[in-house]
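Chemist: I'm passing along data14.cif; it holds mmCIF, C-alpha atoms.
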data_coords
loop_
_atom_site.label_atom_id
_atom_site.label_comp_id
_atom_site.auth_asym_id
_atom_site.auth_seq_id
_atom_site.Cartn_x
_atom_site.Cartn_y
_atom_site.Cartn_z
CA MET A 266 147.03 -53.20 30.62
CA THR A 267 150.70 -52.64 31.31
CA GLY A 268 152.91 -55.02 29.31
CA GLN A 269 155.39 -57.29 31.04
CA GLY A 270 158.37 -55.38 29.65
CA GLU A 271 156.99 -52.05 30.86
CA ALA A 272 156.22 -53.53 34.27
CA LEU A 273 159.80 -54.78 34.55
CA TYR A 274 161.51 -51.47 33.84
CA LEU A 275 159.04 -49.49 35.98
CA ASP A 276 159.68 -51.92 38.84
CA MET A 277 163.41 -51.54 38.29
CA ALA A 278 163.06 -47.75 38.32
CA GLY A 279 161.18 -47.99 41.62
CA ARG A 280 163.88 -50.17 43.17
CA LEU A 281 166.61 -47.76 42.09
CA ARG A 282 164.57 -44.79 43.33
CA LYS A 283 164.27 -46.46 46.73
CA ALA A 284 168.01 -47.19 46.80
CA ILE A 285 168.69 -43.51 46.12
CA ALA A 286 166.19 -42.40 48.80
CA ASP A 287 167.75 -44.84 51.30
CA GLY A 288 171.19 -43.33 50.73
CA GLN A 289 172.71 -46.32 48.90
CA PHE A 290 173.48 -43.95 46.02
CA PRO A 291 173.79 -40.45 47.56
CA PRO A 292 173.66 -37.23 45.49
CA GLY A 293 176.88 -36.70 43.56
CA SER A 294 177.75 -40.41 43.41
CA ARG A 295 177.93 -42.42 40.21
CA LEU A 296 175.69 -45.41 39.63
CA PRO A 297 177.29 -48.75 38.70
CA SER A 298 177.41 -49.59 34.99
CA GLU A 299 174.34 -50.97 33.20
CA HIS A 300 176.05 -54.37 33.10
CA VAL A 301 176.65 -54.41 36.86
CA LEU A 302 173.12 -53.19 37.64
CA ALA A 303 171.64 -55.84 35.37
CA GLN A 304 173.55 -58.55 37.22
CA GLU A 305 172.75 -57.19 40.68
CA TYR A 306 169.02 -56.83 40.01
CA GLY A 307 168.61 -59.88 37.78
CA VAL A 308 167.24 -58.06 34.74
CA SER A 309 168.40 -57.37 31.19
CA ARG A 310 170.56 -54.40 30.28
CA ASN A 311 167.69 -53.06 28.17
CA THR A 312 165.45 -53.07 31.26
CA VAL A 313 168.15 -51.20 33.21
CA ARG A 314 168.56 -48.69 30.37
CA ARG A 315 164.82 -47.95 30.24
CA ALA A 316 164.62 -47.67 34.04
CA LEU A 317 167.51 -45.19 34.05
CA GLU A 318 165.73 -43.14 31.41
CA VAL A 319 162.68 -42.92 33.71
CA LEU A 320 164.89 -41.64 36.53
CA ARG A 321 166.56 -39.17 34.20
CA GLU A 322 163.14 -37.81 33.15
CA ASP A 323 162.26 -37.46 36.84
CA GLY A 324 165.41 -35.40 37.45
CA LEU A 325 167.11 -37.98 39.64
CA MET A 326 170.26 -38.32 37.58
CA SER A 327 172.33 -36.71 34.86
CA SER A 328 171.83 -37.62 31.23
CA GLN A 329 175.48 -37.58 30.15
CA GLN A 330 176.01 -39.94 27.23
CA GLY A 331 178.76 -42.55 27.32
CA ALA A 332 179.42 -42.27 31.06
CA ARG A 333 178.06 -43.71 34.27
CA ARG A 334 175.10 -41.69 35.47
CA THR A 335 175.55 -39.25 38.34
CA VAL A 336 172.86 -39.12 41.02
CA LEU A 337 171.37 -35.66 41.48
CA ALA A 338 169.71 -34.17 44.55
CA LEU A 339 166.49 -36.03 45.30
CA PRO A 340 163.43 -33.96 44.32
CA ARG A 341 159.98 -34.49 45.79
CA LEU A 342 158.16 -35.60 42.65
CA GLN A 343 154.48 -36.51 42.68
CA ASN A 344 153.39 -38.53 39.66
CA PHE A 345 149.85 -37.74 38.52
CA GLY A 346 149.93 -40.64 36.06
CA GLU A 347 148.74 -42.79 38.98
CA LEU A 348 146.22 -42.04 41.71
CA ARG A 349 147.83 -42.18 45.15
CA SER A 350 147.06 -40.43 48.39
CA PHE A 351 149.43 -37.76 49.72
CA SER A 352 150.41 -40.14 52.55
CA ARG A 353 151.25 -43.05 50.23
CA TRP A 354 153.24 -40.76 47.97
CA ALA A 355 155.12 -39.23 50.92
CA ARG A 356 156.10 -42.62 52.31
CA SER A 357 157.23 -43.76 48.83
CA ILE A 358 159.84 -40.96 48.76
CA GLY A 359 161.04 -41.59 52.30
CA GLU A 360 159.17 -38.75 54.03
CA VAL A 361 156.88 -38.92 57.07
CA PRO A 362 153.40 -37.56 56.24
CA SER A 363 151.23 -35.73 58.75
CA GLY A 364 148.49 -33.12 58.84
CA ARG A 365 147.32 -30.10 60.80
CA VAL A 366 143.57 -29.41 60.73
CA ASP A 367 142.58 -25.75 60.47
CA VAL A 368 138.86 -26.12 59.63
CA LEU A 369 136.50 -29.10 59.83
CA GLU A 370 132.82 -28.28 59.63
CA ARG A 371 129.48 -29.19 58.12
CA ARG A 372 128.28 -26.34 55.92
CA PRO A 373 125.98 -25.63 52.95
CA ALA A 374 127.59 -26.31 49.55
CA ASP A 375 128.36 -23.24 47.49
CA ALA A 376 127.59 -23.21 43.75
CA GLU A 377 130.98 -24.57 42.70
CA GLN A 378 131.04 -27.35 45.28
CA ALA A 379 127.48 -28.35 44.43
CA HIS A 380 128.31 -28.50 40.71
CA GLU A 381 131.44 -30.60 41.19
CA LEU A 382 129.85 -32.99 43.71
CA GLY A 383 126.53 -33.43 41.90
CA LEU A 384 124.56 -31.67 44.64
CA GLU A 385 122.16 -28.78 44.87
CA PRO A 386 123.48 -25.46 46.21
CA GLY A 387 122.87 -25.43 49.94
CA ASP A 388 123.03 -29.21 50.33
CA PRO A 389 125.26 -30.16 53.27
CA VAL A 390 128.94 -30.94 52.71
CA VAL A 391 131.79 -31.60 55.11
CA TYR A 392 134.48 -28.99 54.50
CA LEU A 393 138.08 -29.60 55.54
CA VAL A 394 141.08 -27.29 55.49
CA ARG A 395 144.21 -29.23 56.37
CA VAL A 396 147.90 -28.39 56.12
CA ARG A 397 149.96 -31.37 54.97
CA LEU A 398 153.52 -31.79 56.20
CA LEU A 399 156.51 -33.77 54.99
CA THR A 400 158.62 -34.80 57.99
CA GLY A 401 157.29 -31.87 59.99
CA VAL A 402 157.60 -29.22 57.25
CA PRO A 403 154.37 -27.69 55.85
CA VAL A 404 154.26 -28.06 52.06
CA MET A 405 150.60 -28.12 51.03
CA ILE A 406 147.12 -26.89 51.97
CA GLU A 407 144.06 -29.02 51.26
CA ARG A 408 140.72 -27.22 50.95
CA THR A 409 138.28 -30.04 50.31
CA ALA A 410 134.51 -30.47 50.24
CA TYR A 411 133.06 -33.96 50.72
CA PRO A 412 129.48 -35.17 50.27
CA GLU A 413 127.94 -35.70 53.67
CA ARG A 414 127.84 -39.50 53.19
CA VAL A 415 131.66 -39.42 52.97
CA GLY A 416 132.38 -36.74 55.54
CA VAL A 417 130.40 -38.42 58.31
CA LEU A 418 133.05 -41.16 58.34
CA PHE A 419 135.77 -38.73 59.44
CA SER A 420 135.07 -39.68 63.04
CA TYR A 421 137.00 -42.86 62.22
CA VAL A 422 140.02 -40.95 60.86
CA ASP A 423 142.90 -39.37 62.77
CA LEU A 424 143.19 -36.37 60.45
CA GLU A 425 146.58 -35.34 61.82
CA ARG A 426 148.27 -38.71 61.35
CA GLU A 427 146.25 -40.80 58.91
CA SER A 428 145.36 -40.75 55.23
CA ILE A 429 141.67 -40.10 54.57
CA CYS A 430 141.80 -42.23 51.41
CA GLU A 431 143.39 -45.19 53.16
CA ARG A 432 141.01 -45.13 56.14
CA LEU A 433 137.89 -44.71 54.00
CA GLU A 434 138.94 -47.70 51.89
CA GLU A 435 138.38 -49.77 55.05
CA HIS A 436 134.75 -48.61 54.94
CA GLY A 437 134.26 -49.49 51.27
CA ILE A 438 134.86 -46.02 49.83
CA VAL A 439 137.56 -46.16 47.16
CA PHE A 440 138.98 -43.08 45.42
CA ALA A 441 139.18 -44.75 42.01
CA HIS A 442 139.34 -41.89 39.50
CA ALA A 443 140.38 -38.24 39.55
CA GLU A 444 140.61 -35.27 37.23
CA HIS A 445 143.36 -32.73 37.97
CA ALA A 446 143.83 -29.14 36.82
CA ILE A 447 147.18 -27.59 37.72
CA ASP A 448 148.18 -23.95 37.50
CA ALA A 449 150.24 -21.34 39.35
CA VAL A 450 149.00 -18.82 41.92
CA ASN A 451 150.51 -16.49 44.50
CA ALA A 452 149.94 -17.15 48.19
CA ASP A 453 147.24 -14.99 49.74
CA THR A 454 147.36 -13.98 53.39
CA GLU A 455 145.57 -17.16 54.51
CA ASP A 456 147.95 -19.37 52.51
CA ALA A 457 150.88 -17.49 54.00
CA ARG A 458 149.59 -18.05 57.55
CA LEU A 459 149.01 -21.76 57.06
CA LEU A 460 152.27 -22.50 55.23
CA GLU A 461 154.35 -20.06 57.31
CA ILE A 462 155.61 -18.22 54.23
CA PRO A 463 155.58 -14.60 52.98
CA PRO A 464 152.45 -13.48 51.10
CA ALA A 465 152.71 -13.65 47.29
CA THR A 466 155.04 -16.68 47.42
CA ALA A 467 154.62 -18.78 44.26
CA LEU A 468 152.41 -21.84 44.74
CA LEU A 469 151.24 -24.68 42.55
CA ARG A 470 147.46 -25.08 42.67
CA GLU A 471 145.83 -28.43 42.00
CA ARG A 472 142.07 -28.60 41.59
CA ARG A 473 140.87 -32.19 41.85
CA ARG A 474 137.55 -33.99 41.51
CA SER A 475 137.66 -37.61 42.67
CA THR A 476 135.05 -40.29 42.12
CA ASP A 477 134.50 -43.94 43.05
CA HIS A 478 134.35 -46.88 40.64
CA GLN A 479 130.72 -46.03 39.82
CA GLY A 480 131.59 -42.43 38.99
CA ARG A 481 129.97 -40.98 42.11
CA PRO A 482 131.78 -37.82 43.33
CA LEU A 483 133.75 -38.27 46.55
CA GLU A 484 135.58 -34.95 46.89
CA TRP A 485 136.20 -31.57 45.30
CA SER A 486 139.54 -30.19 46.42
CA GLN A 487 141.64 -27.12 45.79
CA ASP A 488 145.16 -27.86 47.02
CA ARG A 489 148.07 -25.44 47.09
CA TYR A 490 151.67 -26.69 47.15
CA LEU A 491 154.88 -24.82 47.85
CA GLY A 492 156.44 -24.54 44.41
CA ASN A 493 159.98 -25.01 45.72
CA ALA A 494 159.08 -28.11 47.76
CA VAL A 495 157.10 -30.34 45.41
CA ALA A 496 157.10 -30.98 41.66
CA PHE A 497 154.51 -32.85 39.61
CA THR A 498 155.30 -35.44 36.94
CA ILE A 499 153.04 -37.04 34.35
CA ARG A 500 154.31 -39.90 32.20
CA ASN A 501 152.28 -40.46 29.06
CA SER A 502 152.47 -41.93 25.58
CA ILE A 503 150.97 -41.38 22.16
CA ALA A 504 148.69 -44.36 22.81
CA ALA A 505 147.31 -43.32 26.20
CA SER A 506 147.89 -39.81 27.49
CA PRO A 507 146.43 -38.57 30.78
CA LEU A 508 147.63 -35.03 30.06
CA VAL A 509 145.38 -32.40 28.45
CA ARG A 510 146.56 -28.82 28.00
CA ASP A 511 144.06 -26.04 28.48
CA LEU A 512 143.93 -22.29 28.99
CA PRO A 513 143.57 -21.11 32.59
CA PRO A 514 140.06 -20.05 33.61
CA ALA A 515 139.24 -16.38 33.54
CA THR A 516 139.64 -14.72 36.92
#
Reformat the file's structure so that it appears as structure tokens.

Modeler:
Amino acid sequence: MTGQGEALYLDMAGRLRKAIADGQFPPGSRLPSEHVLAQEYGVSRNTVRRALEVLREDGLMSSQQGARRTVLALPRLQNFGELRSFSRWARSIGEVPSGRVDVLERRPADAEQAHELGLEPGDPVVYLVRVRLLTGVPVMIERTAYPERVGVLFSYVDLERESICERLEEHGIVFAHAEHAIDAVNADTEDARLLEIPPATALLRERRRSTDHQGRPLEWSQDRYLGNAVAFTIRNSIAASPLVRDLPPAT
């Protein structure tokens, strides 16, 4: 469980991040002193100091010692230390999320999909290819297979405007846990068409298996992000680390 002190500085970091996103502290400006921030936000200077360190690690501000911190250009950082939908993450950084469906069909599961979803090869899955946009700009491709019991609920979801995770929660399906593998790939011709980029552009690939609270598989996804549009962050500690390093699979 997160301690009260940790909750305070993480909340403070979130409030400062929102102030930066809202333009209260634009890129190139200097933040008020720790003393002033502590008074304005009603927290201790130590809480402010720890919150500023979080923002420094996220690349939001300079780390110059002995001087007021300078706000840097706002990156699009997605934190994999917590499980949030693309739409929730996008709104948290001040962007407008949307989607463009390229493929939505019921099809037989291939060997990989069957393995990841606990099915037999050939069992039906609902397969979705969707381009995700941040304020109208394509930044990511989702290629996701869902067990049929999940995919049949898509008739309730506006796939171009709504979050699948958020809408399915209304039907009792909660994406509670996920395992992520992240590596780098070059855009193939299909990636290039969907993201409107030249072939061979560098992309970040995220392979994700999500389950519910009971451990039942809900999705197997292979997402590809524009490497110059989105960055991933993972905050961990010696006590509880969500990050495991591994060699890439043989191709």

Chemist: Using only C-alpha atoms, find the one residue out of A:Ile285, A:Thr466, A:Val366, A:Ser352 that sits nearest to A:Val336.

Modeler: A:Ile285

Chemist: Tell me, in Å to one decimal, how far atom CA of A:Ile406 is from atom CA of A:Leu320.

Modeler: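 Between atom CA of A:Ile406 and atom CA of A:Leu320 the gap works out to 27.8 Å.
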
Chemist: How far is it from atom CA of A:Gln378 to atom CA of A:Pro482, in Å with one decimal?

Modeler: 10.7 Å

Chemist: For the PyMOL selection byres ((chain A and resi 438) around 10), applied here, can you spell out every residue it catches as a PyMOL selection string?

Modeler: chain A and resi 415+418+430-437+439-441+476-478+483

Chemist: Taking into account all atoms listed in the file, which residue in the set A:Ser363, A:Asn451, A:Thr312, A:Ser420 is nearest to A:Gly401?

Modeler: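 Closest to A:Gly401 of all the choices is A:Ser363.
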
Chemist: How many Å lie between atom CA of A:Ala457 and atom CA of A:Leu398, rounded to one decimal?

Modeler: 14.7 Å

Chemist: I'd like the contact shell of A:Pro386 - 8 Å cut-off, all atoms listed in the file, skipping same-chain residues fewer than 4 positions apart - returned as a count of residues only.

Modeler: 7

Chemist: Between A:Ile447, A:Leu384, A:Ala286, A:Ala278, which residue has the minimum interatomic distance to A:Glu322, considering all atoms listed in the file?

Modeler: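 Going through A:Ile447, A:Leu384, A:Ala286, A:Ala278 one by one, the smallest distance to A:Glu322 is for A:Ala278.
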
Chemist: Kindly resolve the PyMOL selection byres ((chain A and resi 313) around 9) on the present coordinates and return the residues as a list of chain:residue names.

Modeler: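 Matching residues under the PyMOL selection byres ((chain A and resi 313) around 9) are A:Tyr274, A:Met277, A:Ala278, A:Glu299, A:His300, A:Leu302, A:Ala303, A:Tyr306, A:Val308, A:Ser309, A:Arg310, A:Asn311, A:Thr312, A:Arg314, A:Arg315, A:Ala316, A:Leu317, A:Glu318.
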
Chemist: Taking (141.6, -22.5, 58.3) as a centre in this file's frame and 9 Å as the limit, can you find every polymer residue with an atom that close, using all atoms listed in the file, and give them as a PyMOL selection string?

Modeler: chain A and resi 366-369+393-396+408+455+459

Chemist: So which one's closest to A:Arg353, A:Glu471, A:Glu427, A:Glu407, A:Asp388? Using all atoms listed in the file, please.

Modeler: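 Going through A:Glu471, A:Glu427, A:Glu407, A:Asp388 one by one, the smallest distance to A:Arg353 is for A:Glu427.
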
Chemist: Find the residues near A:Val450: any atom within 7 Å, counting only C-alpha atoms, skip ones fewer than 3 places away on the same chain, and give them as a ChimeraX atom specification.

Modeler: /A:467-470

Chemist: Report the residues retrieved by the PyMOL selection byres ((chain A and resi 472) around 8) from the displayed file, expressed as an MDAnalysis selection string.

Modeler: chainID A and resid 445:447 470:471 473:474 485:488

Chemist: Just checking: using only C-alpha atoms, which residue out of A:Pro403, A:Arg426, A:Ser475, A:Ala452 ends up closest to A:Val495?

Modeler: A:Pro403

Chemist: For a quick check of understanding, using only C-alpha atoms, which of A:Ala272, A:Val301, A:Leu296, A:Ile429 has the smallest distance to A:Tyr411?

Modeler: A:Ile429
